[in-house]
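What follows is a short report on a single structure.
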Amino acid sequence: MTERAATTSILNNSEFRRILYQLLIAALLIYLGWSIVENTIANMEARDIRTGFGFLNETAGFSIMMSLVPYEPGNTYGRVFIVGLLNTLLVAGVGVVLATIVGFLVGVMRLSQNWVVSHLANIYVEIFRNVPLLLQILFWYTAVLKPLPGPRQVFERNTEIYFGISNRGITGPEFILLENFSFTTWTILLGILFTIGMHRWSKHRQAATGQQFPVVFVGLGLIIGLPILIFLLSGAPIEFTPAKMGRFNLSGGITIIPEFLAVLLALALYTAAFIAEIVRAGIQAINYGQTEASRALGLRNGTTLKMVIIPQAMRIIIPPLTSQYLNLTKNSALAAAIAYPDLVATFAGTALNQNGQALETLAITMTVYLSLSLLTSAFMNWFNSRVKLVER
Amino acid sequence: MNTLPNPESRAQPVIQIQKMNKWFGQFHVLKEIDLEVVTGERIVICGPSGSGKSTLIRCINRLEEHQEGQIVVDGVELTNDLKHIEHVRREVGMVFQHFNLFPHLTVLENCTLAPIWVRKQPKAEAEATAMKYLERVKIPEQAEKYPGQLSGGQQQRVAIARSLCMQPRIMLFDEPTSALDPEMIKEVLDVMIELADTGMTMLVVTHEMGFARTVANRVIFMDDGQIIEQNKPEEFFNNPQSDRTKLFLSQILQH
Amino acid sequence: MKKLFLSCLSIALLGGIAIAGGHEKGTLAAVKSKGHIQCGVSQGLPGFSNPDDQGNWSGLDVDYCRAMSAAVFGDANKVKYTPLSARARFEALRSGEIDVLARNTTWTMQRDATLGLEFVGVNYYDGQGFMVRKTLGVSSAMELDGASACTNTGTTTELNLTDFFRANGMQFELVAFERADEVVAAYDAGRCDVYTTDRSGLAAQRTKLSNPDDHKVLPEIISKEPLGPVVRQDDPQWADLARWTLNAMINAEEMGINSGNVDSKRSDSNPAVKRLMGTEGDLHEAIGVNNDWAYNIVKQVGNYGEVYERHVGANTPLQLGRGGTVNDLWTNGGLIYAPPVR
Amino acid sequence: MKNQNTVFFVRKEFAPSRPAPASTVGVLGWIRNNLFSTPFNSLLTVVVGGLGAWSIWGALDWLIFNAVWVGGNEACKANPNGACWTFIGTRFDQFVYGFYEKPERWRVDLVILVLFVGVFWTGWEKAPARRWAGGFMLILFPWIAWGMLYGGIFGLPIVETSQWGGFILTLVVSLIGIIVSLPLGILLALGRRSNMPIINSTCVFFIEFWRGVPLITILFMAAYVLPLFFPTGMNFDQLLRALIGFAFFAAAYMAEVVRGGLQSLDKGQYEAADSLGLSYWKSMRLIILPQALKAVIPGIVNTFIGLFKDTTLVLIIGLLDLLGMVHAAIADPNWSIRSVPTTGYAFVAITFFTFCYGMSRYSRFIEDKLNTGHQR
C-alpha cells in the first residue's frame with residue numbers, strides 16, 4: 001500500500017507534471033522546428049534555390065508605377081523594399097486620417113436625434129462592414145474608376161491642364177515654391193508656435209482671472225489666415241506647372257493614380273464603418289447622468305463635450321480605434337489585388353517573382369507588419385495604464 | 001419649526017409654476033401643476049414612484065421640457081431660449097440620486113469645473129471656494145482623490161459641494177439618499193440639514209419622512225402627475241386630508 | 001544563424017502538423033500509380049491553355065500534356081489540369097503539386113540554372129510585342145514615349161519592357177497585374193495605352209477584347225521568348241520522357257506522320273519511321289513507356305504541325321500563320337527541329 | 001388654486017389625463033421631434049435626407065427598376081443604365097459550383113442543404129435535440145461534407161479540388177476555418193492562460209504572430225513557402241495549403257475571443273471547480289469552458305463573420321472563390337458591357353451582405369439574451 005502510494009505520488013505530483021508537460025511540449029516543438037529546418041534545407045538544396053539576403057543588393061530591373069523616393073529600374077531590391085514600404089505607409093497613413101474623419105462623423109450621426117440622419121448612418125455602417133473589403137477595392141477600381149473616360153477623350157492634345165480627372169487618375173499641376181515662399185513657411189511656423197504660446201497664456205489667464213480666450217479661432221487665424229495674407233502680400237510666390245496632354249497621356253503635373261484612390265477609398269470607407277461603431281459605443285457607454293449633471297451645473301453643450309464627454313469617451317474609444325488603425329494597415333496589403341505598388345505587391349510580389357527567394361522575401365515582409373503590430377500593442381498597453389480610471 | 005421664516009412675509013416668489021402640463025409621448029406625466037416657492041423655503045416632495053415628482057423638479061432646471069403652462073425661475077421664464085436656460089441653470093443647483101460625479105476628474109476638479117467655465121472664476125478662487133464647501137460637507141481631505149475611490153455617501157456629499165460651488169439660489173435634490181446604504185444616509189442628511197440651516201431654498205424629492213418633519217416647511221404629496229395635497233409638515237403628517245395621502249402615509253410609515 | 005532564423009520562422013508557422021518521413025519515388029511511377037498526369041497550365045490563354053464554359057481545357061500546351069498522357073498511359077485523356085498564376089507556377093512544380101508545367105513559360109538561364117527546373121524543349125518560339133489601339137495612330141514601338149503600359153507581373157515581359165524603354169530613353173508608366181485577364185480588362189478599359197506580352201499572347205488576348213479590330217500589333221519584337229514545357233530537375237527519367245514526347249511530335253511532322261495516316265505508317269519500311277513507331281529498337285524502355293508510345297501520341301493528339309494549326313494557326317481566332325515564321329519546321333526555314341530518334 | 005401663498009392645499013377634483021397636444025405626439029409630433037426640432041436639425045433633415053433618398057432611389061432604380069432581367073448580352077448592351085442580371089443568370093451555375101463536374105453537382109446541393117438545415121437547427125432555440133445537431137455539425141459534418149465533395153468514399157468519383165470554385169469554395173474555406181479554429185483556438189486560449197512558462201510563451205508567440213501579419217502574406221506563405229517545410233514527396237494541393245494558413249490565422253483570432261470569455265468568468269468559478277477536486281481538464285470541460293464559450297458566442301459569430309469575408313482573399317493566390325469567379329467572368333469579351341462589372345460585384349456584395357448581416361443580427365440577438373440573463 002505504501003509502495004503504491006509512493007509510485008503514484010510521483011506521477012500525481014503537480015510540480016512533476018508541470019515540468020513533464022512542458023518538457024514534452026518543448027521536445028515536440030524542437031522536433032517540429034528541427035524537422036522543418038532540415039526539410040527546408042534539404043528541399044532548397046534539391047531544388048537549387050539560393051538562400052540568404054544577398055539579393056537585396058542586386059539590381060531589380062523592373063519599373064514601379066508610383067514611388068515616393070527616387071526609383072529607377074537600375075536600383076536594387078533593397079530599394080524596392082523601401083519604395084513598397086513607403087507606399088504602404090502612405091496609403092495607410094492617409095487612410096487612417098480619412099477613416100477617422102468619416103468614422104467619427106458617421107458615429108456621431110448614428111447618435112443624432114434626427115431620425116433620418118441616424119438611420120442613414122446606420123445603413124452606411126451595415127453595408128460597408130458586411131461586404132468584404134477586397135470586393136470593395138475591386139468595386140472602386142473596376143466599376144468606378146476604370147470606366148472613367150481616358151485622357152484622350154477628356155483632354156485636347158497639347159493643352160495645359162491644371163486639374164483633370166480621367167481613368168489615369170486625378171491630375172493637378174506640379175508646383176514649385178519660389179524663394180519668397182519662405183515667408184509664408186515662417187509665418188505658418190510662427191503661427192503654430194504663437195498658438196501654442198497663446199494656449200498656455202490663456203490657460204494661465206483663465207486660472208488667474210477666469211477670463212476665457214477664443215484660442216481656437218485666433219489660432220486658426222494665425223496658422224491659416226495670416227499665412228494666406230503673407231502669401232498674397234509676398235506676391236503669391238508659388239509657380240504651378242500644369243500637366244500637359246501628350247500623345248497618350250498627361251505628362252508633368254502630379255497625378256494621383258486610380259489604384260491608389262481605389263485602395264484608399266475602400267480602406268477608409270470600410271474602416272470608417274467600424275470606427276463609427278466604436279465611437280458610438282464609446283459615447284453611449286458614458287452614462288447620460290454625466291450630461292445631465294453638466295447641464296444642471298450650467299455648462300454649455302460645447303463645454304460639456306470638451307470637458308466631460310470627450311475625455312471619458314476617448315478612454316473607451318482609443319484602444320479599439322488603435323487596433324482598427326492596425327487592421328487598416330494590414331488590410332492595405334490587399335492593394336496587391338489591383339496593382340497598387342505597396343509592400344506586398346512590389347516586394348512580396350514582383351520582387352519575389354523575379355528572384356524566387358520566397359522564404360526570405362516573405363519573412364522580411366511579415367517582420368515589417370509584425371513590428372508595426374507589436375508597436376501598436378505596446379502603445380495600447382501604455383495608453384491603457386495611463387488613462388485607467390482610479391477605482392477603489 | 002416656528003423659527004422658520006413665514007413664506008407670506010417674503011416679497012418675491014423665486015419659482016412660479018402655473019398650469020404646467022407635461023407628456024412623455026402620449027403619457028400625461030404632469031397635470032395642471034401650480035406651485036410657488038419663495039426664497040428660503042424648504043419643500044419636500046413625496047409620493048409613490050411614477051407620480052411625477054422627479055420629473056417636476058427636473059422641469060425646474062429644464063432637464064425636462066414642459067409642453068403647456070409656464071415656469072418662471074428667478075424672474076426668468078423657461079422657454080427654448082438658451083440664454084434663459086443658462087441663466088436658470090446657473091442659479092439652480094441639482095443633486096442626483098446616482099451622484100453623477102465626473103469619474104475622470106478629481107474631487108476638487110469636479111467642484112471647480114463649473115465655476116471656472118460658467119462663472120469664469122479664476123482657478124485659485126474657484127479652488128478656495130471648493131475647499132470651503134468641501135469642508136462644509138466634511139471631506140476636505142479627499143480633494144485630490146477620484147470619485148471612484150470614495151464611498152457612496154462621500155460621493156453624494158461631493159456632489160452637493162459641487163453644486164454649492166456654483167453658489168446657487170435654489171437647490172434641487174432628486175432622491176439624494178435612495179441609492180445609498182443605510183449607514184451612509186445619515187451623513188448625507190446631516191449635510192442637507194446644515195445646508196437648510198443656512199437658509200438655502202431647497203426642493204427635495206425624498207422618502208425620508210424624518211427629514212421632512214424636521215427640516216421642511218412645506219410637504220407636497222404628488223400622485224398620478226398632480227399635486228394632491230400640500231401642507232406644513234406637522235399638519236401633513238398628523239392630519240392628512242386626502243384619501244390618497246392617507247393611504248400613502250400609512251404605507252410609508254409602517255416601515 | 002540561418003538555422004536559427006529558419007527555426008523561429010517555422011515554429012511560428014506550424015503548430016501542429018506532424019511531419020511524416022519523406023519517401024522518394026520517381027515521378028513516372030507516381031504518375032502511373034495515381035493514374036493521371038497533373039499538368040500545370042495558365043489560367044486561361046486562348047490557343048495555349050484555355051477552359052471552355054464546361055471547364056474542358058484545350059490549346060497547344062494542353063495538347064502537349066495530353067501527348068505525355070498518351071505516351072505514358074496510351075490514353076491522351078488521363079490528364080488533370082491545375083491553372084496557375086505566373087507567380088505560383090514554379091513553386092507548384094517544385095513542390096510536386098504538378099508533374100509537368102506547360103504554361104507558355106519562357107526558357108531563361110536564370111530559371112533553368114537557379115530555380116531547380118529543367119526545360120525540356122521549345123514548343124513555341126515567341127517574342128514580346130506590343131498592341132495598341134488603332135486610333136492612337138502609332139506605327140512603331142519607338143513612338144511610345146510617355147505611354148502607359150499594361151502587363152503581367154512576375155514575368156520576363158515586365159523586365160523586357162523596362163529594358164526596352166530604358167534602352168531607348170523613353171518614359172513610361174508600368175501597370176502590372178497578377179492575372180492575365182486583369183491585364184486585358186485594364187487595357188480594354190483604357191487604363192493603359194499599350195498592352196505588352198508575348199506576341200502569341202497578344203493574338204490570343206486580342207480575341208477577348210470588346211472590339212478586336214480596333215487594335216493592332218506593332219511590328220517590333222523586343223525579346224526572345226522560347227516557350228516550352230518544364231519539369232523538375234531532380235528526375236532525369238521523367239525529364240527525358242517529357243523531352244522526347246515533344247521531340248516525337250516534331251519528328252512525326254518532319255516524317256509526314258499525322259493522326260490520319262499513322263496507322264498505315266506503322267508498317268512503313270523507313271527505319272527512322274520504324275524506330276519512332278516502336279516497331280524497331282527498344283529505346284522506349286529507357287524512358288519507361290511502351291513501344292507504341294509515339295504511335296499513341298500521334299494517333300490521339302497529332303503531330304506538332306497538326307496541333308499548331310488546330311490551336312494557333314491561321315484558321316484559328318489567333319490567326320498566327322506558320323509559314324515563313326520561326327515556328328515552321330527547320331526544313332521550311334523555321335526553328336522547329338528535333339534530334340533524331342535513334 | 002387662487003391663493004398660492006397659503007401653504008395648505010388639497011385637491012378635490014382630480015385632473016383627468018388628456019391627450020398630448022397634437023404638435024408633440026402622433027405623426028406630426030414625431031416629425032417635429034425627430035426631424036425638425038431645431039433649425040439646424042431641419043437643415044440636416046433636408047440635406048442629408050435628400051442626399052440619402054437620392055442615392056437609395058438611384059441604387060434601387062439601377063438594381064431593380066431599370067435593370068435587365070431577361071434576354072442575353074444584347075439586351076444589356078441596349079440598356080447600359082441598369083443592372084445586367086442576365087449576366088448573373090447565365091453564369092449562375094458557375095458562380096455556385098465553379099468547375100465542379102456537372103453530373104456530380106447533386107453532391108454539392110446535398111451538402112449545402114444539410115449545412116443550412118443543420119445551422120438553422122442548431123441556431124433555433126426551441127429545436128429538439130439541438131445539442132445533437134450542434135455536435136453533428138461541428139464534429140461529423142465536416143468529414144462527411146469533405147467526403148461528399150471530394151469523393152472517393154461511398155463509391156463516389158473523385159472531384160479534384162482544382163475544380164472546386166465559386167460559392168462552394170467560399171463555404172469550404174470559411175467552414176474549415178471555423179471548424180479547425182474553434183478547438184485550436186480553445187487550446188491556445190487555455191495555453192495562454194496557463195502558468196507554465198513554456199506553454200504560455202509558445203501560445204502567446206503563436207497568437208501574436210498570426211494576428212500580427214496580414215492574411216494575404218500568410219496565404220502567400222502557404223502557397224509558396226509551405227511546400228519547402230515538408231519532406232520531399234509529401235504534397236498538399238494548393239487549396240489544402242491555403243486552408244492550413246487560413247485555419248491557423250482563424251485559430252489565433254478565435255483564441256483571443258475565447259480568452260476574453262475565460263477572463264470574464266468570475267474567479268470563484270475556478271476556485272469552486274478546484275475545490276470540487278476536479279482535474280484540470282475535467283474542470284475546464286465541465287465548468288469553465290461551457291460558461292466561457294456561452295459568454296463569447298457573439299464574439300465567435302463576429303469572428304466568423306470576419307473570416308467569412310476574408311475568404312475572398314484566396315482570389316489573390318489564384319483560387320476562384322465566389323468573388324474570384326465573378327471577377328474572372330466579367331473579363332469575358334462577350335459581356336464587355338459597362339454595367340456588367342458593377343452587376344457582378346453587386347451580386348457578390350448582396351450575397352455576402354445577406355450572410356454577414358444575418359449572422360450579425362443573430363449574434364446581436366444572442367447578446368441581448370445573454371445580457372438579460374445577467375441582470376438581476
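Chain labels run A, B, ... following the order of the C-alpha cells; each chain numbers its residues from 1, and ligands are numbered from 1 in the order shown.
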
7 Å contacts from chain A to chain C using only C-alpha atoms, as number ranges by chain: A: 29, 33-34, 36-37, 47-49, 61-65, 146-147, 150, 167-168, 248-249, 338-339, 350, 353-354

Residues near A:Gly93, anyone? I mean within 12 Å using only C-alpha atoms, not counting same-chain ones fewer than 2 positions away, as JSON, numbers by chain. {"A": [85, 86, 87, 88, 89, 90, 91, 95, 96, 97, 98, 99, 100, 264, 267, 268, 325, 326, 328, 329, 330, 332]}

Taking only residues of chain D that have an atom at most 8 Å from an atom of chain C, what is each one's shortest atom pair and its distance in Å to one decimal, using only C-alpha atoms, in chain and number order, as a tab-separated table?
residue	atom	partner	partner_atom	distance
D:Phe99	CA	C:Gly55	CA	5.7
D:Ser162	CA	C:Thr82	CA	6.2
D:Phe205	CA	C:Ala12	CA	7.3
D:Phe206	CA	C:Ala12	CA	5.7
D:Phe209	CA	C:Ala12	CA	6.9
D:Ala223	CA	C:Ala88	CA	7.3
D:Tyr224	CA	C:Glu91	CA	5.9
D:Pro227	CA	C:Ser95	CA	5.5
D:Leu228	CA	C:Ser95	CA	7.2
D:Phe229	CA	C:Ser10	CA	7.8
D:Phe230	CA	C:Ile19	CA	6.8
D:Pro231	CA	C:Gly22	CA	4.7
D:Thr232	CA	C:Gly22	CA	5.6
D:Gly233	CA	C:His23	CA	6.0
D:Met234	CA	C:Gly22	CA	6.5
D:Asn235	CA	C:Glu97	CA	6.3
D:Phe236	CA	C:Glu97	CA	7.0
D:Asp237	CA	C:Glu97	CA	5.8
D:Gln238	CA	C:Glu97	CA	7.7
D:Ile317	CA	C:Ala88	CA	7.7
D:Gly318	CA	C:Ser85	CA	6.4
D:Ala328	CA	C:Asp181	CA	7.1
D:Ala331	CA	C:Ala185	CA	5.9
D:Asp332	CA	C:Lys208	CA	6.7
D:Pro333	CA	C:Lys208	CA	4.7
D:Asn334	CA	C:Ser210	CA	7.2
D:Ser336	CA	C:Ser210	CA	5.7

Starting from chain A, keep only residues with some atom at most 7 Å from an atom of chain D, counting only C-alpha atoms, and report them as a PDB file with N, CA, C and O atoms, in the first residue's frame.
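Writing done, so here's selection36.pdb:
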ATOM      1  N   ARG A  18       3.856  19.424 -14.137  1.00  0.00           N
ATOM      2  CA  ARG A  18       4.121  20.691 -14.833  1.00  0.00           C
ATOM      3  C   ARG A  18       5.376  20.588 -15.688  1.00  0.00           C
ATOM      4  O   ARG A  18       5.385  20.931 -16.871  1.00  0.00           O
ATOM      5  N   GLN A  22       5.667  20.408 -19.823  1.00  0.00           N
ATOM      6  CA  GLN A  22       6.419  21.427 -20.544  1.00  0.00           C
ATOM      7  C   GLN A  22       7.560  20.823 -21.328  1.00  0.00           C
ATOM      8  O   GLN A  22       7.854  21.235 -22.446  1.00  0.00           O
ATOM      9  N   ILE A  36      11.450  20.863 -39.673  1.00  0.00           N
ATOM     10  CA  ILE A  36      11.119  21.846 -40.707  1.00  0.00           C
ATOM     11  C   ILE A  36      12.397  22.434 -41.284  1.00  0.00           C
ATOM     12  O   ILE A  36      12.551  22.559 -42.509  1.00  0.00           O
ATOM     13  N   ASN A  39      14.033  19.825 -43.433  1.00  0.00           N
ATOM     14  CA  ASN A  39      13.303  19.663 -44.692  1.00  0.00           C
ATOM     15  C   ASN A  39      13.560  20.829 -45.619  1.00  0.00           C
ATOM     16  O   ASN A  39      13.778  20.661 -46.821  1.00  0.00           O
ATOM     17  N   THR A  40      13.494  22.035 -45.029  1.00  0.00           N
ATOM     18  CA  THR A  40      13.639  23.213 -45.862  1.00  0.00           C
ATOM     19  C   THR A  40      15.014  23.239 -46.511  1.00  0.00           C
ATOM     20  O   THR A  40      15.145  23.470 -47.711  1.00  0.00           O
ATOM     21  N   ASN A  43      15.172  20.540 -49.112  1.00  0.00           N
ATOM     22  CA  ASN A  43      14.383  20.904 -50.284  1.00  0.00           C
ATOM     23  C   ASN A  43      15.069  21.987 -51.099  1.00  0.00           C
ATOM     24  O   ASN A  43      15.080  21.952 -52.331  1.00  0.00           O
ATOM     25  N   GLN A 113     -30.307  62.756 -32.810  1.00  0.00           N
ATOM     26  CA  GLN A 113     -31.721  62.581 -32.514  1.00  0.00           C
ATOM     27  C   GLN A 113     -32.559  62.666 -33.777  1.00  0.00           C
ATOM     28  O   GLN A 113     -33.722  62.328 -33.784  1.00  0.00           O
ATOM     29  N   ASN A 114     -31.912  63.123 -34.833  1.00  0.00           N
ATOM     30  CA  ASN A 114     -32.608  63.220 -36.109  1.00  0.00           C
ATOM     31  C   ASN A 114     -32.739  61.824 -36.703  1.00  0.00           C
ATOM     32  O   ASN A 114     -31.737  61.155 -36.987  1.00  0.00           O
ATOM     33  N   TRP A 115     -33.974  61.407 -36.887  1.00  0.00           N
ATOM     34  CA  TRP A 115     -34.236  60.041 -37.330  1.00  0.00           C
ATOM     35  C   TRP A 115     -33.561  59.740 -38.664  1.00  0.00           C
ATOM     36  O   TRP A 115     -32.920  58.719 -38.848  1.00  0.00           O
ATOM     37  N   VAL A 116     -33.718  60.657 -39.605  1.00  0.00           N
ATOM     38  CA  VAL A 116     -33.159  60.445 -40.944  1.00  0.00           C
ATOM     39  C   VAL A 116     -31.648  60.278 -40.854  1.00  0.00           C
ATOM     40  O   VAL A 116     -31.067  59.342 -41.405  1.00  0.00           O
ATOM     41  N   VAL A 117     -31.013  61.171 -40.117  1.00  0.00           N
ATOM     42  CA  VAL A 117     -29.559  61.149 -40.022  1.00  0.00           C
ATOM     43  C   VAL A 117     -29.079  59.862 -39.376  1.00  0.00           C
ATOM     44  O   VAL A 117     -28.196  59.168 -39.887  1.00  0.00           O
ATOM     45  N   LEU A 120     -29.680  56.804 -41.723  1.00  0.00           N
ATOM     46  CA  LEU A 120     -28.773  56.746 -42.873  1.00  0.00           C
ATOM     47  C   LEU A 120     -27.381  56.319 -42.424  1.00  0.00           C
ATOM     48  O   LEU A 120     -26.720  55.513 -43.088  1.00  0.00           O
ATOM     49  N   ASN A 130     -20.368  44.834 -43.797  1.00  0.00           N
ATOM     50  CA  ASN A 130     -20.791  43.481 -44.115  1.00  0.00           C
ATOM     51  C   ASN A 130     -20.451  43.040 -45.523  1.00  0.00           C
ATOM     52  O   ASN A 130     -20.923  42.017 -45.995  1.00  0.00           O
ATOM     53  N   VAL A 131     -19.662  43.845 -46.224  1.00  0.00           N
ATOM     54  CA  VAL A 131     -19.239  43.464 -47.567  1.00  0.00           C
ATOM     55  C   VAL A 131     -17.711  43.348 -47.535  1.00  0.00           C
ATOM     56  O   VAL A 131     -17.047  44.231 -47.003  1.00  0.00           O
ATOM     57  N   PRO A 132     -17.160  42.249 -48.072  1.00  0.00           N
ATOM     58  CA  PRO A 132     -15.716  42.046 -47.978  1.00  0.00           C
ATOM     59  C   PRO A 132     -14.924  43.236 -48.529  1.00  0.00           C
ATOM     60  O   PRO A 132     -15.288  43.826 -49.545  1.00  0.00           O
ATOM     61  N   LEU A 134     -12.011  43.289 -49.954  1.00  0.00           N
ATOM     62  CA  LEU A 134     -11.428  43.060 -51.279  1.00  0.00           C
ATOM     63  C   LEU A 134     -12.439  43.390 -52.366  1.00  0.00           C
ATOM     64  O   LEU A 134     -12.099  44.001 -53.389  1.00  0.00           O
ATOM     65  N   LEU A 135     -13.687  43.001 -52.119  1.00  0.00           N
ATOM     66  CA  LEU A 135     -14.747  43.313 -53.076  1.00  0.00           C
ATOM     67  C   LEU A 135     -14.888  44.820 -53.225  1.00  0.00           C
ATOM     68  O   LEU A 135     -15.068  45.342 -54.328  1.00  0.00           O
ATOM     69  N   PHE A 139     -14.439  46.867 -56.512  1.00  0.00           N
ATOM     70  CA  PHE A 139     -15.570  47.671 -56.980  1.00  0.00           C
ATOM     71  C   PHE A 139     -15.108  49.082 -57.332  1.00  0.00           C
ATOM     72  O   PHE A 139     -15.374  49.578 -58.414  1.00  0.00           O
ATOM     73  N   THR A 142     -12.590  48.635 -60.470  1.00  0.00           N
ATOM     74  CA  THR A 142     -13.094  48.142 -61.743  1.00  0.00           C
ATOM     75  C   THR A 142     -14.397  48.809 -62.155  1.00  0.00           C
ATOM     76  O   THR A 142     -14.607  49.076 -63.337  1.00  0.00           O
ATOM     77  N   ALA A 143     -15.258  49.054 -61.192  1.00  0.00           N
ATOM     78  CA  ALA A 143     -16.593  49.536 -61.563  1.00  0.00           C
ATOM     79  C   ALA A 143     -16.689  51.057 -61.525  1.00  0.00           C
ATOM     80  O   ALA A 143     -17.541  51.628 -62.191  1.00  0.00           O
ATOM     81  N   LYS A 330      -2.772  46.589 -42.039  1.00  0.00           N
ATOM     82  CA  LYS A 330      -2.612  45.226 -42.543  1.00  0.00           C
ATOM     83  C   LYS A 330      -3.461  45.002 -43.795  1.00  0.00           C
ATOM     84  O   LYS A 330      -3.026  44.367 -44.743  1.00  0.00           O
ATOM     85  N   ASN A 331      -4.667  45.575 -43.769  1.00  0.00           N
ATOM     86  CA  ASN A 331      -5.544  45.391 -44.928  1.00  0.00           C
ATOM     87  C   ASN A 331      -5.012  46.082 -46.173  1.00  0.00           C
ATOM     88  O   ASN A 331      -5.396  45.742 -47.282  1.00  0.00           O
ATOM     89  N   ALA A 333      -2.490  45.636 -47.485  1.00  0.00           N
ATOM     90  CA  ALA A 333      -1.812  44.619 -48.286  1.00  0.00           C
ATOM     91  C   ALA A 333      -2.693  44.117 -49.427  1.00  0.00           C
ATOM     92  O   ALA A 333      -2.190  43.585 -50.412  1.00  0.00           O
ATOM     93  N   ALA A 337      -4.118  43.292 -55.067  1.00  0.00           N
ATOM     94  CA  ALA A 337      -5.143  42.792 -55.989  1.00  0.00           C
ATOM     95  C   ALA A 337      -5.347  43.716 -57.172  1.00  0.00           C
ATOM     96  O   ALA A 337      -5.812  43.285 -58.229  1.00  0.00           O
ATOM     97  N   ALA A 358      11.334  33.164 -52.036  1.00  0.00           N
ATOM     98  CA  ALA A 358      10.074  33.392 -51.342  1.00  0.00           C
ATOM     99  C   ALA A 358      10.249  33.461 -49.839  1.00  0.00           C
ATOM    100  O   ALA A 358       9.678  34.314 -49.170  1.00  0.00           O
ATOM    101  N   LEU A 359      11.056  32.561 -49.302  1.00  0.00           N
ATOM    102  CA  LEU A 359      11.185  32.471 -47.852  1.00  0.00           C
ATOM    103  C   LEU A 359      11.710  33.777 -47.268  1.00  0.00           C
ATOM    104  O   LEU A 359      11.110  34.361 -46.355  1.00  0.00           O
ATOM    105  N   LEU A 362       9.272  36.868 -47.972  1.00  0.00           N
ATOM    106  CA  LEU A 362       8.072  36.889 -47.132  1.00  0.00           C
ATOM    107  C   LEU A 362       8.433  37.106 -45.675  1.00  0.00           C
ATOM    108  O   LEU A 362       7.691  37.768 -44.936  1.00  0.00           O
ATOM    109  N   MET A 366       6.755  39.971 -43.559  1.00  0.00           N
ATOM    110  CA  MET A 366       5.983  39.685 -42.351  1.00  0.00           C
ATOM    111  C   MET A 366       6.588  40.397 -41.145  1.00  0.00           C
ATOM    112  O   MET A 366       5.860  40.862 -40.270  1.00  0.00           O
ATOM    113  N   TYR A 369       5.234  43.945 -40.845  1.00  0.00           N
ATOM    114  CA  TYR A 369       3.884  44.055 -40.290  1.00  0.00           C
ATOM    115  C   TYR A 369       3.860  43.668 -38.810  1.00  0.00           C
ATOM    116  O   TYR A 369       3.166  44.265 -37.999  1.00  0.00           O
ATOM    117  N   LEU A 370       4.676  42.650 -38.495  1.00  0.00           N
ATOM    118  CA  LEU A 370       4.722  42.202 -37.113  1.00  0.00           C
ATOM    119  C   LEU A 370       5.254  43.309 -36.210  1.00  0.00           C
ATOM    120  O   LEU A 370       4.725  43.543 -35.117  1.00  0.00           O
ATOM    121  N   SER A 373       2.654  45.825 -35.596  1.00  0.00           N
ATOM    122  CA  SER A 373       1.591  45.403 -34.690  1.00  0.00           C
ATOM    123  C   SER A 373       2.107  45.335 -33.259  1.00  0.00           C
ATOM    124  O   SER A 373       1.377  45.649 -32.325  1.00  0.00           O
TER     125      SER A 373
END

Non-local contacts of stretch 142-148 of chain B (10 Å; only C-alpha atoms; under 5 positions in same chain excluded) as a PyMOL selection string: (chain A and resi 389-392) or (chain B and resi 99-111+127+130-131+134-135+154-156+158-159)

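For stretch 74-78 of chain B, the non-local neighbours within 10 Å, defined as residues at least 6 positions apart in the same chain or in other chains and counting only C-alpha atoms, are Gln12, Pro13, Val14, Ile15, Gln16, Ile17, Val38, Thr39, Cys59, Ile60, Asn61, Arg62, Glu65, His66, His84, Ile85, Glu86, His87, Val88, Glu91, Val92, Arg169 and Ile170 of chain B.
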
So which residues of stretch 230-390 of chain A fall under helix (DSSP H, G or I) by DSSP, listed as an MDAnalysis selection string? chainID A and resid 230:233 258:284 288:296 301:338 343:355 358:387

Check: which chain B residues lie within 6 Å of chain A using only C-alpha atoms, as a VMD selection string: chain B and resid 86 89 to 90 100 120 to 123 148 to 149

Distance filter 10 Å, only C-alpha atoms, chain B against chain D, as a ChimeraX atom specification: /B:7-10,13,16,18,21-32,34-38,67-68,80,217-221,223-232,235-236,240-242,245

Give me every strand (DSSP E or B) residue in stretch 22-111 of chain B, going by DSSP on the backbone, as a PyMOL selection string. chain B and resi 22-24+27-38+42-46+68-73+76-77+92-95

Residue contacts of D:Gln291 (12 Å, only C-alpha atoms) excluding same-chain residues fewer than 3 positions away, as a list in words: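 With the cut-off at 12 Å, the set is Val258, Gly260, Gly261, Leu262, Gln263, Ser264, Leu265, Asp266, Gln269, Tyr270, Ser283, Met284, Arg285, Leu286, Ile287, Ile288, Lys294, Ala295, Val296, Ile297 and Leu370 of chain D.
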
Counting only C-alpha atoms, what is within 10 Å of C:Gly256, bar same-chain residues fewer than 4 positions away, as a PyMOL selection string? chain C and resi 250-252+261-262+265+273+303+305

Within 7 Å of stretch 134-149 of chain D, counting only C-alpha atoms, which residues show up once you throw out same-chain ones fewer than 6 positions away? Write them as an NGL selection string, please. :D and (107-108 or 111 or 118 or 122 or 179)

I need the residues from that last selection saved to file as an mmCIF file, in the first residue's frame (with C-alpha atoms), if you can.
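And here's out-v7.cif as it stands now:
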data_model
loop_
_atom_site.group_PDB
_atom_site.id
_atom_site.type_symbol
_atom_site.label_atom_id
_atom_site.label_comp_id
_atom_site.auth_asym_id
_atom_site.auth_seq_id
_atom_site.Cartn_x
_atom_site.Cartn_y
_atom_site.Cartn_z
ATOM 1 C CA ARG D 107 -23.419 16.251 -54.101
ATOM 2 C CA VAL D 108 -22.791 19.961 -53.622
ATOM 3 C CA VAL D 111 -24.014 19.302 -48.678
ATOM 4 C CA GLY D 118 -28.069 21.916 -39.569
ATOM 5 C CA THR D 122 -28.531 24.449 -34.116
ATOM 6 C CA ILE D 179 -14.203 24.149 -37.547
#

Please, what distance in Å, to one decimal, runs between atom CA of A:Ile161 and atom CA of A:Leu229?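 Interatomic distance, atom CA of A:Ile161 to atom CA of A:Leu229: 26.8 Å.
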
From the set C:Leu93, C:Ile257, C:Val100, C:Val132, which residue has the shortest atom-to-atom contact distance to C:Thr196, counting only C-alpha atoms?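 Among the listed residues, the smallest separation from C:Thr196 belongs to C:Val132.
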